[in-house]
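Enquirer: See input.csv below, with CSV, C-alpha atoms and all ligand atoms.
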```csv
chain,number,residue,atom,x,y,z
B,13,MET,CA,-2.8,26.0,13.4
B,14,LYS,CA,-0.8,23.1,14.6
B,15,ARG,CA,1.0,21.1,11.9
B,16,ALA,CA,0.1,17.5,11.4
B,17,LYS,CA,2.5,14.9,12.7
B,18,ILE,CA,3.5,12.0,10.5
B,19,SER,CA,5.6,9.1,11.9
B,20,LEU,CA,7.4,6.7,9.7
B,21,ILE,CA,8.2,3.3,11.3
B,22,GLY,CA,11.1,1.9,9.2
B,23,GLY,CA,13.7,4.2,7.8
B,24,GLY,CA,15.0,2.1,4.9
B,25,GLN,CA,14.5,2.6,1.2
B,26,ILE,CA,10.8,3.3,1.3
B,27,GLY,CA,11.0,5.2,4.6
B,28,GLY,CA,13.6,7.6,3.1
B,29,VAL,CA,11.4,8.5,0.1
B,30,LEU,CA,8.3,8.8,2.3
B,31,ALA,CA,10.1,11.4,4.4
B,32,GLN,CA,11.2,13.4,1.4
B,33,LEU,CA,7.8,13.4,-0.2
B,34,CYS,CA,6.1,14.4,3.1
B,35,ALA,CA,8.5,17.2,3.6
B,36,GLN,CA,8.4,18.5,0.0
B,37,ARG,CA,4.6,18.5,0.2
B,38,GLU,CA,4.6,20.0,3.7
B,39,LEU,CA,2.2,17.4,4.8
B,40,GLY,CA,3.4,17.9,8.4
B,41,ASP,CA,6.3,17.4,10.8
B,42,VAL,CA,7.9,14.0,10.2
B,43,VAL,CA,9.4,11.6,12.7
B,44,MET,CA,11.4,8.6,11.4
B,45,PHE,CA,11.8,5.6,13.7
B,46,ASP,CA,14.1,2.7,13.0
B,47,ILE,CA,15.8,0.1,15.2
B,48,VAL,CA,19.2,0.8,13.6
B,49,GLU,CA,21.0,3.4,15.6
B,50,GLY,CA,22.0,6.5,13.7
B,51,LEU,CA,20.1,5.6,10.5
B,52,PRO,CA,16.9,7.6,11.0
B,53,GLN,CA,18.9,10.4,12.7
B,54,GLY,CA,21.3,10.6,9.7
B,55,LYS,CA,18.5,10.5,7.0
B,56,MET,CA,16.4,13.1,8.7
B,57,LEU,CA,19.4,15.4,9.3
B,58,ASP,CA,20.4,15.1,5.6
B,59,LEU,CA,16.8,15.9,4.6
B,60,ALA,CA,16.5,18.8,7.0
B,61,GLU,CA,19.6,20.3,5.3
B,62,VAL,CA,17.7,20.8,2.0
B,63,ALA,CA,14.8,22.6,3.5
B,64,ARG,CA,16.0,25.9,2.1
B,65,ILE,CA,16.5,24.7,-1.5
B,66,ASP,CA,13.2,22.7,-1.4
B,67,GLN,CA,11.4,25.5,0.5
B,68,PHE,CA,9.7,23.5,3.2
B,69,ASP,CA,8.9,24.5,6.8
B,70,VAL,CA,8.5,21.3,8.7
B,71,ASP,CA,10.4,19.7,11.6
B,72,LEU,CA,12.2,16.5,10.9
B,73,LYS,CA,13.4,14.1,13.5
B,74,GLY,CA,15.1,10.7,13.5
B,75,THR,CA,14.7,8.4,16.5
B,76,ASN,CA,15.2,4.9,18.0
B,77,SER,CA,12.6,5.6,20.6
B,78,TYR,CA,8.9,5.0,20.3
B,79,THR,CA,8.1,7.8,22.7
B,80,ASP,CA,8.9,10.2,19.9
B,81,ILE,CA,5.8,9.0,17.9
B,82,ALA,CA,3.5,10.3,20.6
B,83,GLY,CA,0.7,12.6,19.2
B,84,SER,CA,1.1,11.3,15.6
B,85,ASP,CA,-1.8,11.9,13.3
B,86,ILE,CA,-0.7,9.3,10.8
B,87,ILE,CA,1.9,6.5,10.9
B,88,ILE,CA,3.2,4.8,7.8
B,89,VAL,CA,4.9,1.5,8.5
B,90,THR,CA,7.6,0.0,6.3
B,91,ALA,CA,9.5,-1.9,9.0
B,92,GLY,CA,10.4,-5.3,7.8
B,93,LEU,CA,12.5,-7.1,5.3
B,94,PRO,CA,12.0,-6.6,1.5
B,95,ARG,CA,12.1,-9.7,-0.7
B,96,LYS,CA,15.1,-10.9,-2.6
B,97,PRO,CA,15.0,-12.1,-6.3
B,98,GLY,CA,13.0,-15.3,-6.6
B,99,MET,CA,11.0,-14.7,-3.4
B,100,SER,CA,7.3,-14.0,-3.3
B,101,ARG,CA,5.9,-11.5,-0.8
B,102,ASP,CA,4.3,-14.3,1.1
B,103,ASP,CA,7.8,-15.7,1.8
B,104,LEU,CA,8.3,-12.8,4.2
B,105,LEU,CA,5.4,-13.8,6.4
B,106,GLY,CA,7.4,-15.5,9.2
B,107,ILE,CA,10.0,-12.7,9.7
B,108,ASN,CA,7.8,-9.7,9.1
B,109,SER,CA,5.0,-10.9,11.3
B,110,LYS,CA,7.3,-10.8,14.3
B,111,ILE,CA,8.5,-7.3,13.4
B,112,MET,CA,4.9,-6.1,12.8
B,113,LYS,CA,3.8,-7.4,16.2
B,114,GLN,CA,6.5,-5.3,17.9
B,115,VAL,CA,5.7,-2.2,15.7
B,116,ALA,CA,2.0,-2.5,16.4
B,117,GLU,CA,2.6,-2.7,20.1
B,118,GLY,CA,4.7,0.4,20.0
B,119,ILE,CA,2.0,2.3,18.0
B,120,LYS,CA,-0.7,1.1,20.4
B,121,GLU,CA,1.2,2.3,23.4
B,122,HIS,CA,2.5,5.6,22.1
B,123,ALA,CA,0.1,6.8,19.4
B,124,PRO,CA,-3.3,5.4,20.2
B,125,GLU,CA,-5.2,8.0,18.2
B,126,ALA,CA,-3.2,7.7,15.0
B,127,PHE,CA,-4.3,6.5,11.5
B,128,VAL,CA,-2.0,3.7,10.4
B,129,ILE,CA,-1.0,2.9,6.8
B,130,ILE,CA,0.9,-0.3,6.3
B,131,ILE,CA,3.3,-0.9,3.4
B,132,SER,CA,5.3,-3.9,4.8
B,133,ASN,CA,4.7,-7.3,3.1
B,134,PRO,CA,2.9,-9.6,2.8
B,135,LEU,CA,0.6,-6.6,2.9
B,136,ASP,CA,-2.9,-8.0,3.6
B,137,ALA,CA,-1.6,-10.2,6.4
B,138,MET,CA,0.5,-7.4,7.9
B,139,VAL,CA,-2.5,-5.0,8.0
B,140,THR,CA,-4.6,-7.7,9.6
B,141,LEU,CA,-2.0,-8.3,12.3
B,142,CYS,CA,-1.5,-4.6,13.0
B,143,GLN,CA,-5.2,-4.1,13.4
B,144,LYS,CA,-5.6,-7.1,15.7
B,145,VAL,CA,-2.6,-6.1,17.9
B,146,THR,CA,-3.5,-2.4,18.2
B,147,GLY,CA,-7.3,-3.0,18.5
B,148,PHE,CA,-7.8,0.3,16.6
B,149,PRO,CA,-11.0,0.7,14.6
B,150,ALA,CA,-10.6,-0.8,11.2
B,151,GLU,CA,-11.2,2.5,9.4
B,152,ARG,CA,-8.0,3.7,11.0
B,153,VAL,CA,-5.7,0.8,10.0
B,154,ILE,CA,-5.3,0.3,6.3
B,155,GLY,CA,-2.8,-1.0,3.7
B,156,GLN,CA,-1.2,0.5,0.6
B,157,ALA,CA,-1.1,-1.9,-2.3
B,158,GLY,CA,-4.0,-1.1,-4.7
B,159,VAL,CA,-2.8,2.4,-5.4
B,160,LEU,CA,0.5,1.1,-6.5
B,161,ASP,CA,-0.8,-1.9,-8.4
B,162,SER,CA,-3.3,0.3,-10.2
B,163,ASN,CA,-0.7,2.8,-11.1
B,164,ARG,CA,1.5,0.1,-12.5
B,165,PHE,CA,-1.4,-1.2,-14.6
B,166,CYS,CA,-2.2,2.4,-15.8
B,167,SER,CA,1.5,2.9,-16.8
B,168,PHE,CA,1.5,-0.2,-18.9
B,169,ILE,CA,-1.7,0.8,-20.6
B,170,ALA,CA,-0.4,4.3,-21.3
B,171,TRP,CA,2.9,3.0,-22.7
B,172,GLU,CA,1.0,0.6,-25.0
B,173,LEU,CA,-1.4,3.2,-26.3
B,174,GLY,CA,1.0,6.1,-26.4
B,175,VAL,CA,-1.1,8.4,-24.2
B,176,SER,CA,-0.4,10.3,-21.1
B,177,VAL,CA,-0.8,8.2,-18.0
B,178,ARG,CA,-2.7,11.0,-16.4
B,179,ASP,CA,-5.6,10.2,-18.6
B,180,VAL,CA,-5.7,6.5,-17.9
B,181,ASN,CA,-8.0,5.0,-15.2
B,182,ALA,CA,-7.6,1.4,-14.3
B,183,MET,CA,-8.0,-0.4,-11.0
B,184,VAL,CA,-6.5,-3.4,-9.4
B,185,LEU,CA,-8.4,-5.1,-6.5
B,186,GLY,CA,-7.8,-8.1,-4.3
B,187,GLY,CA,-4.7,-9.1,-2.3
B,188,HIS,CA,-1.3,-7.6,-2.9
B,189,GLY,CA,0.1,-10.9,-4.3
B,190,ASP,CA,0.3,-12.9,-7.4
B,191,THR,CA,-3.5,-13.4,-7.3
B,192,MET,CA,-4.3,-9.6,-7.5
B,193,VAL,CA,-7.2,-8.7,-9.8
B,194,PRO,CA,-6.7,-6.0,-12.5
B,195,ILE,CA,-10.2,-5.0,-13.6
B,196,VAL,CA,-9.9,-4.9,-17.4
B,197,ARG,CA,-13.6,-4.2,-18.1
B,198,TYR,CA,-13.5,-0.7,-16.6
B,199,ALA,CA,-10.0,0.3,-17.7
B,200,ASN,CA,-10.4,3.5,-19.8
B,201,VAL,CA,-8.7,6.5,-21.2
B,202,ASN,CA,-10.7,9.5,-20.2
B,203,GLY,CA,-13.8,7.3,-20.3
B,204,ILE,CA,-13.0,5.5,-23.6
B,205,PRO,CA,-12.6,1.8,-23.0
B,206,VAL,CA,-9.0,0.5,-23.3
B,207,MET,CA,-10.1,-2.7,-24.9
B,208,GLU,CA,-11.9,-0.7,-27.7
B,209,GLN,CA,-8.7,1.2,-28.3
B,210,LEU,CA,-6.6,-2.0,-28.5
B,211,ILE,CA,-9.0,-3.6,-30.9
B,212,ARG,CA,-8.8,-0.4,-33.1
B,213,LYS,CA,-5.0,-0.4,-32.8
B,214,TYR,CA,-4.5,-4.1,-33.8
B,215,GLY,CA,-7.7,-4.5,-36.0
B,216,ASP,CA,-8.2,-7.8,-34.3
B,217,LYS,CA,-10.0,-8.8,-31.1
B,218,ALA,CA,-7.9,-11.8,-30.4
B,219,LYS,CA,-4.7,-9.9,-30.7
B,220,ALA,CA,-6.1,-7.1,-28.5
B,221,GLU,CA,-7.0,-9.6,-25.8
B,222,GLU,CA,-3.5,-11.1,-26.0
B,223,VAL,CA,-1.9,-7.7,-25.5
B,224,MET,CA,-4.2,-6.9,-22.6
B,225,ALA,CA,-3.5,-10.3,-21.0
B,226,ALA,CA,0.2,-9.6,-21.2
B,227,MET,CA,-0.3,-6.2,-19.4
B,228,VAL,CA,-2.4,-7.9,-16.8
B,229,GLU,CA,0.3,-10.5,-16.2
B,230,ARG,CA,3.0,-7.8,-16.1
B,231,THR,CA,0.9,-5.9,-13.5
B,232,LYS,CA,0.6,-8.9,-11.3
B,233,MET,CA,4.4,-9.6,-11.5
B,234,ALA,CA,5.5,-5.9,-11.6
B,235,GLY,CA,7.0,-5.9,-8.1
B,236,GLY,CA,9.0,-9.0,-8.9
B,237,GLU,CA,10.2,-7.4,-12.1
B,238,VAL,CA,11.7,-4.6,-10.1
B,239,VAL,CA,13.1,-6.9,-7.4
B,240,LYS,CA,14.9,-8.9,-10.1
B,241,LEU,CA,16.4,-5.8,-11.7
B,242,LEU,CA,17.6,-4.3,-8.4
B,243,GLY,CA,19.1,-7.6,-7.3
B,244,ASN,CA,19.0,-6.4,-3.7
B,245,GLY,CA,15.8,-4.8,-2.4
B,246,SER,CA,12.4,-4.1,-3.7
B,247,ALA,CA,10.5,-1.1,-5.2
B,248,PHE,CA,10.6,2.0,-3.2
B,249,TYR,CA,9.7,5.1,-5.1
B,250,SER,CA,6.3,3.8,-6.2
B,251,PRO,CA,5.1,2.4,-2.8
B,252,ALA,CA,6.2,5.6,-1.1
B,253,SER,CA,4.3,7.9,-3.6
B,254,SER,CA,1.3,5.7,-3.3
B,255,ALA,CA,1.2,5.8,0.5
B,256,VAL,CA,1.7,9.5,0.5
B,257,ALA,CA,-1.3,9.9,-1.7
B,258,MET,CA,-3.3,8.0,0.8
B,259,ALA,CA,-1.9,9.9,3.8
B,260,GLU,CA,-2.7,13.2,2.0
B,261,ALA,CA,-6.2,12.1,1.3
B,262,ILE,CA,-6.7,11.6,5.0
B,263,LEU,CA,-4.9,14.6,6.3
B,264,ARG,CA,-6.5,17.0,3.8
B,265,ASP,CA,-9.9,15.2,3.9
B,266,GLN,CA,-9.9,14.8,0.2
B,267,LYS,CA,-12.5,12.0,-0.1
B,268,ARG,CA,-10.4,10.4,-2.8
B,269,VAL,CA,-11.6,7.1,-4.2
B,270,LEU,CA,-8.6,4.8,-4.0
B,271,PRO,CA,-8.1,1.1,-3.9
B,272,VAL,CA,-7.2,0.4,-0.3
B,273,CYS,CA,-6.5,-2.7,1.7
B,274,ALA,CA,-9.5,-2.4,4.0
B,275,LEU,CA,-11.5,-4.6,6.4
B,276,LEU,CA,-14.6,-6.0,4.6
B,277,LYS,CA,-17.7,-6.8,6.5
B,278,GLY,CA,-19.8,-8.5,3.9
B,279,GLU,CA,-18.8,-6.2,1.0
B,280,PHE,CA,-17.9,-8.1,-2.2
B,281,GLY,CA,-19.1,-11.2,-0.4
B,282,VAL,CA,-16.2,-11.2,2.1
B,283,GLU,CA,-16.7,-11.3,5.9
B,284,ASN,CA,-14.0,-10.0,8.2
B,285,TYR,CA,-10.9,-10.1,6.0
B,286,TYR,CA,-8.6,-7.3,4.8
B,287,ILE,CA,-8.4,-7.1,1.1
B,288,GLY,CA,-8.0,-4.4,-1.6
B,289,VAL,CA,-11.2,-2.6,-2.6
B,290,PRO,CA,-12.2,0.9,-3.7
B,291,CYS,CA,-12.6,3.2,-0.7
B,292,VAL,CA,-13.4,6.8,0.0
B,293,LEU,CA,-10.4,8.1,2.0
B,294,GLY,CA,-10.9,11.3,4.1
B,295,ALA,CA,-10.5,12.7,7.6
B,296,GLY,CA,-12.3,9.6,9.0
B,297,GLY,CA,-9.8,7.2,7.3
B,298,VAL,CA,-11.9,4.7,5.3
B,299,GLU,CA,-15.2,6.6,5.2
B,300,ASN,CA,-16.9,4.3,2.8
B,301,ILE,CA,-16.2,1.1,0.8
B,302,ILE,CA,-17.5,1.5,-2.7
B,303,GLU,CA,-19.1,-1.8,-3.9
B,304,PHE,CA,-19.9,-2.5,-7.5
B,305,GLU,CA,-21.0,-5.5,-9.4
B,306,LEU,CA,-18.2,-7.9,-10.4
B,307,ASN,CA,-18.9,-10.2,-13.3
B,308,GLU,CA,-18.6,-14.0,-12.8
B,309,GLU,CA,-15.0,-14.1,-13.9
B,310,GLU,CA,-13.9,-11.1,-11.8
B,311,GLN,CA,-15.7,-12.5,-8.7
B,312,ALA,CA,-14.0,-15.8,-9.2
B,313,MET,CA,-10.5,-14.1,-9.4
B,314,PHE,CA,-11.4,-12.0,-6.4
B,315,ASP,CA,-12.5,-15.0,-4.4
B,316,ASN,CA,-9.3,-16.8,-5.3
B,317,SER,CA,-7.3,-13.8,-4.1
B,318,VAL,CA,-9.2,-13.7,-0.8
B,319,ASN,CA,-8.5,-17.4,-0.3
B,320,ALA,CA,-4.8,-16.7,-0.8
B,321,VAL,CA,-4.9,-14.0,1.9
B,322,LYS,CA,-6.9,-16.4,4.2
B,323,LYS,CA,-4.2,-19.0,3.9
B,324,LEU,CA,-1.6,-16.5,5.2
B,325,ILE,CA,-3.9,-15.3,8.0
B,326,ASP,CA,-4.4,-19.0,9.1
B,327,GLU,CA,-0.6,-19.3,9.4
B,328,LEU,CA,-0.3,-16.4,11.8
B,329,PRO,CA,-1.2,-18.2,15.1
B,330,THR,CA,1.6,-20.7,14.4
B,331,ILE,CA,4.1,-17.9,13.9
B,332,LEU,CA,2.9,-16.0,16.9
B,333,PRO,CA,1.5,-18.6,19.2
B,334,GLU,CA,1.3,-16.1,22.1
B,335,MET,CA,-1.2,-14.2,20.0
B,336,ALA,CA,-3.4,-17.1,19.0
B,337,ASP,CA,-6.5,-15.9,20.9
B,338,ILE,CA,-6.4,-12.4,19.5
B,339,LEU,CA,-5.7,-13.6,16.0
B,340,LYS,CA,-8.7,-16.0,16.0
B,341,GLY,CA,-10.9,-13.3,17.6
B,401,LIG,N1,11.2,-1.9,14.0
B,401,LIG,C1,11.4,-0.8,13.2
B,401,LIG,N2,12.1,-0.9,12.0
B,401,LIG,C2,12.6,-2.1,11.7
B,401,LIG,C3,12.4,-3.2,12.5
B,401,LIG,C4,11.6,-3.1,13.7
B,401,LIG,N3,11.4,-4.1,14.5
B,401,LIG,N4,13.0,-4.3,11.9
B,401,LIG,C5,13.5,-3.8,10.7
B,401,LIG,N5,13.3,-2.5,10.6
B,401,LIG,C6,13.8,-1.5,9.6
B,401,LIG,C7,15.1,-1.9,9.1
B,401,LIG,O1,16.2,-1.5,10.0
B,401,LIG,C8,15.1,-1.1,7.8
B,401,LIG,O2,15.7,0.2,7.9
B,401,LIG,O3,12.9,-1.6,8.5
B,401,LIG,C9,13.6,-1.0,7.4
B,401,LIG,C10,13.2,-1.6,6.1
B,401,LIG,O4,13.9,-1.0,5.1
B,401,LIG,P1,14.4,-1.7,3.8
B,401,LIG,O5,15.1,-3.0,4.2
B,401,LIG,O6,15.2,-0.7,3.0
B,401,LIG,O7,13.1,-2.2,3.1
B,401,LIG,P2,12.1,-1.3,2.1
B,401,LIG,O8,12.5,-1.4,0.7
B,401,LIG,O9,11.9,0.1,2.7
B,401,LIG,O10,10.8,-2.2,2.3
B,401,LIG,C11,10.1,-2.3,3.6
B,401,LIG,O11,8.0,-2.6,2.6
B,401,LIG,O12,7.3,-3.0,0.3
B,401,LIG,C12,7.6,-3.6,1.6
B,401,LIG,O13,8.3,-5.8,1.0
B,401,LIG,C13,8.7,-4.5,1.5
B,401,LIG,O14,8.4,-5.5,3.6
B,401,LIG,C14,9.2,-4.6,2.9
B,401,LIG,C15,8.9,-3.2,3.4
```
Show how you would write the structure in this file as structure tokens.
Expert:
Amino acid sequence: MKRAKISLIGGGQIGGVLAQLCAQRELGDVVMFDIVEGLPQGKMLDLAEVARIDQFDVDLKGTNSYTDIAGSDIIIVTAGLPRKPGMSRDDLLGINSKIMKQVAEGIKEHAPEAFVIIISNPLDAMVTLCQKVTGFPAERVIGQAGVLDSNRFCSFIAWELGVSVRDVNAMVLGGHGDTMVPIVRYANVNGIPVMEQLIRKYGDKAKAEEVMAAMVERTKMAGGEVVKLLGNGSAFYSPASSAVAMAEAILRDQKRVLPVCALLKGEFGVENYYIGVPCVLGAGGVENIIEFELNEEEQAMFDNSVNAVKKLIDELPTILPEMADILKG
């Protein structure tokens, strides 16, 4: 049977980890595209030279030509600038929109059947732009944010409770920005509510709520925490692992339930905007959006997050005036 073909657009920090993970898991042959000459070729040659020790049989190719992405089953996009300390993801809108437009045009022309997973920031706006430029069905153009944000939330809970993170379930919905919505009510350790555990640990409800509020805040700002420490660049292991989990769910038709930046058509009260919600990911891409009842407070936070995304989308026609008609459509 033919191997799957995965193309990575952007061969920087995240692109490099993506390539390694895809190869080590033998998800398929990997093509890495970048505009910098030699960079993708060098990284893929370096990676190919560990195939024996890592025991993988996949073809790896670095390129500066979009023609090499032809026939891709999945494309993961990281092209664009990462933020610097003190910047929010939204500050990248101007520069990364122009890059995303070029990338989406390349994908549309050379890999019209591919599923596309976007990682570039500001995430929700970049996914929207990619879908509009390619015109691909929405279930084939999605964004990685919620898997990572949820994993960060799970990590903080696990560290606080002293339990394995594998047993923690917690979800973060909404946009991939400072307004994201960690869902505290359903956070649990193998089904046992986290809040109940915190109240037992501290013997005091108010203290437990304070500890949870701090974890929620850290989750929202977790990307910035890494940016500040690195000093130059943003998180790369965690977004790469998260996107690979999504790609694997599609390639292996796993029907995983993951928080995905997906186009909503009325779900959660949102009409025609991309935002993070729980989805079933399988061979059809987003096969189902799983709706559930948000309480009043959660819905208000979710709506606030949607409004923040809407503001960015409203700016796109000014940044890309030549695309104004498509963007409003
Ligand atoms: N087409 C293809 N690749 C491009 C283009 C373009 N038009 N413009 C820039 N690139 C490439 C750069 O050459 C670089 O190799 O994108 C790569 C980005 O890599 P890094 O700068 O290392 O950034 P990274 O940490 O990988 O993050 C990429 O993901 O999480 C987001 O905020 C982050 O937007 C950023 C993106």
Enquirer: Which of these residues is nearest to Met335 in chain B, using all atoms listed in the file: B:Met192, B:Leu33, B:Val201, B:Lys113?
Expert: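 Looking only at the distances to Met335 in chain B, the closest residue turns out to be B:Lys113.
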Enquirer: Ligand LIG 401 (chain B): which residues are within 8 Å, counting all atoms listed in the file? Reply as number ranges by chain.
Expert: B: 21-28, 45-48, 51, 89-95, 101, 104, 108, 110-112, 114-115, 131-135, 245-248, 251
Enquirer: Provide the CA of Cys273 in chain B to CA of Val139 in chain B distance in Å, to one decimal place.
Expert: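 Between these atoms lies a distance of 7.8 Å.
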Enquirer: Can you list, as a list in words, every protein, DNA or RNA residue that comes within 9 Å of range 206-216 of chain B when you count all atoms listed in the file, leaving out same-chain residues fewer than 5 positions away?
Expert: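 Surrounding residues, per the criterion: Ile169, Glu172, Leu173, Val180, Val196, Arg197, Tyr198, Ala199, Asn200, Val201, Glu221, Val223 and Met224 of chain B.
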Enquirer: Keeping C-alpha atoms for every residue in the selection just given, could you write it to a file as a tab-separated table (two decimals), keeping the file's coordinate frame?
Expert:
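Result file selection.tsv:
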```
chain	number	residue	atom	x	y	z
B	169	ILE	CA	-1.70	0.80	-20.60
B	172	GLU	CA	1.00	0.60	-25.00
B	173	LEU	CA	-1.40	3.20	-26.30
B	180	VAL	CA	-5.70	6.50	-17.90
B	196	VAL	CA	-9.90	-4.90	-17.40
B	197	ARG	CA	-13.60	-4.20	-18.10
B	198	TYR	CA	-13.50	-0.70	-16.60
B	199	ALA	CA	-10.00	0.30	-17.70
B	200	ASN	CA	-10.40	3.50	-19.80
B	201	VAL	CA	-8.70	6.50	-21.20
B	221	GLU	CA	-7.00	-9.60	-25.80
B	223	VAL	CA	-1.90	-7.70	-25.50
B	224	MET	CA	-4.20	-6.90	-22.60
```
Enquirer: Between CA of Leu160 in chain B and CA of Ala35 in chain B, what distance in Å does the model show, to one decimal?
Expert: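 If I compute the distance from CA of Leu160 in chain B to CA of Ala35 in chain B, I get 20.6 Å.
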Enquirer: Just want the 12 Å neighbourhood of Asn181 in chain B, counted on all atoms listed in the file, with same-chain residues fewer than 5 positions away dropped. Output as a PDB file with C-alpha atoms, in the frame of the given file.
Expert:
```
ATOM      1  CA  VAL B 159      -2.800   2.400  -5.400  1.00  0.00           C
ATOM      2  CA  SER B 162      -3.300   0.300 -10.200  1.00  0.00           C
ATOM      3  CA  ASN B 163      -0.700   2.800 -11.100  1.00  0.00           C
ATOM      4  CA  ARG B 164       1.500   0.100 -12.500  1.00  0.00           C
ATOM      5  CA  PHE B 165      -1.400  -1.200 -14.600  1.00  0.00           C
ATOM      6  CA  CYS B 166      -2.200   2.400 -15.800  1.00  0.00           C
ATOM      7  CA  SER B 167       1.500   2.900 -16.800  1.00  0.00           C
ATOM      8  CA  PHE B 168       1.500  -0.200 -18.900  1.00  0.00           C
ATOM      9  CA  ILE B 169      -1.700   0.800 -20.600  1.00  0.00           C
ATOM     10  CA  ALA B 170      -0.400   4.300 -21.300  1.00  0.00           C
ATOM     11  CA  VAL B 175      -1.100   8.400 -24.200  1.00  0.00           C
ATOM     12  CA  SER B 176      -0.400  10.300 -21.100  1.00  0.00           C
ATOM     13  CA  PRO B 194      -6.700  -6.000 -12.500  1.00  0.00           C
ATOM     14  CA  ILE B 195     -10.200  -5.000 -13.600  1.00  0.00           C
ATOM     15  CA  VAL B 196      -9.900  -4.900 -17.400  1.00  0.00           C
ATOM     16  CA  ARG B 197     -13.600  -4.200 -18.100  1.00  0.00           C
ATOM     17  CA  TYR B 198     -13.500  -0.700 -16.600  1.00  0.00           C
ATOM     18  CA  ALA B 199     -10.000   0.300 -17.700  1.00  0.00           C
ATOM     19  CA  ASN B 200     -10.400   3.500 -19.800  1.00  0.00           C
ATOM     20  CA  VAL B 201      -8.700   6.500 -21.200  1.00  0.00           C
ATOM     21  CA  ASN B 202     -10.700   9.500 -20.200  1.00  0.00           C
ATOM     22  CA  GLY B 203     -13.800   7.300 -20.300  1.00  0.00           C
ATOM     23  CA  ILE B 204     -13.000   5.500 -23.600  1.00  0.00           C
ATOM     24  CA  PRO B 205     -12.600   1.800 -23.000  1.00  0.00           C
ATOM     25  CA  VAL B 206      -9.000   0.500 -23.300  1.00  0.00           C
ATOM     26  CA  VAL B 269     -11.600   7.100  -4.200  1.00  0.00           C
ATOM     27  CA  LEU B 270      -8.600   4.800  -4.000  1.00  0.00           C
ATOM     28  CA  PRO B 271      -8.100   1.100  -3.900  1.00  0.00           C
TER      29      PRO B 271
END
```
Enquirer: For Lys96 in chain B, which of B:Glu237, B:Glu125, B:Glu222, B:Asp161 is the closest residue, counting all atoms listed in the file?
Expert: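 The answer is B:Glu237, which sits nearest to Lys96 in chain B.
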Enquirer: Enter the distance from CA of Gly297 in chain B to CA of Glu151 in chain B, in Å, rounded to one decimal.
Expert: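 One can read the CA of Gly297 in chain B to CA of Glu151 in chain B distance as 5.3 Å.
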Enquirer: At a cut-off of 12 Å from (-5.8, -12.3, 19.1) in the coordinates of the file, what residues are picked up using only C-alpha atoms, written as a short mmCIF file (atom, residue, chain, number, x, y, z; two decimals) with C-alpha atoms, in the frame of the given file?
Expert:
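Contents of the output file point_12.cif:
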```cif
data_model
loop_
_atom_site.label_atom_id
_atom_site.label_comp_id
_atom_site.auth_asym_id
_atom_site.auth_seq_id
_atom_site.Cartn_x
_atom_site.Cartn_y
_atom_site.Cartn_z
CA LYS B 113 3.80 -7.40 16.20
CA THR B 140 -4.60 -7.70 9.60
CA LEU B 141 -2.00 -8.30 12.30
CA CYS B 142 -1.50 -4.60 13.00
CA GLN B 143 -5.20 -4.10 13.40
CA LYS B 144 -5.60 -7.10 15.70
CA VAL B 145 -2.60 -6.10 17.90
CA THR B 146 -3.50 -2.40 18.20
CA GLY B 147 -7.30 -3.00 18.50
CA ILE B 325 -3.90 -15.30 8.00
CA LEU B 328 -0.30 -16.40 11.80
CA PRO B 329 -1.20 -18.20 15.10
CA LEU B 332 2.90 -16.00 16.90
CA PRO B 333 1.50 -18.60 19.20
CA GLU B 334 1.30 -16.10 22.10
CA MET B 335 -1.20 -14.20 20.00
CA ALA B 336 -3.40 -17.10 19.00
CA ASP B 337 -6.50 -15.90 20.90
CA ILE B 338 -6.40 -12.40 19.50
CA LEU B 339 -5.70 -13.60 16.00
CA LYS B 340 -8.70 -16.00 16.00
CA GLY B 341 -10.90 -13.30 17.60
#
```
Enquirer: May I ask which of the residues B:Lys240, B:Glu38, B:Ala320, B:Gly106 is the closest one to His188 in chain B, counting only C-alpha atoms?
Expert: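 Of the candidates, the smallest distance to His188 in chain B is held by B:Ala320.
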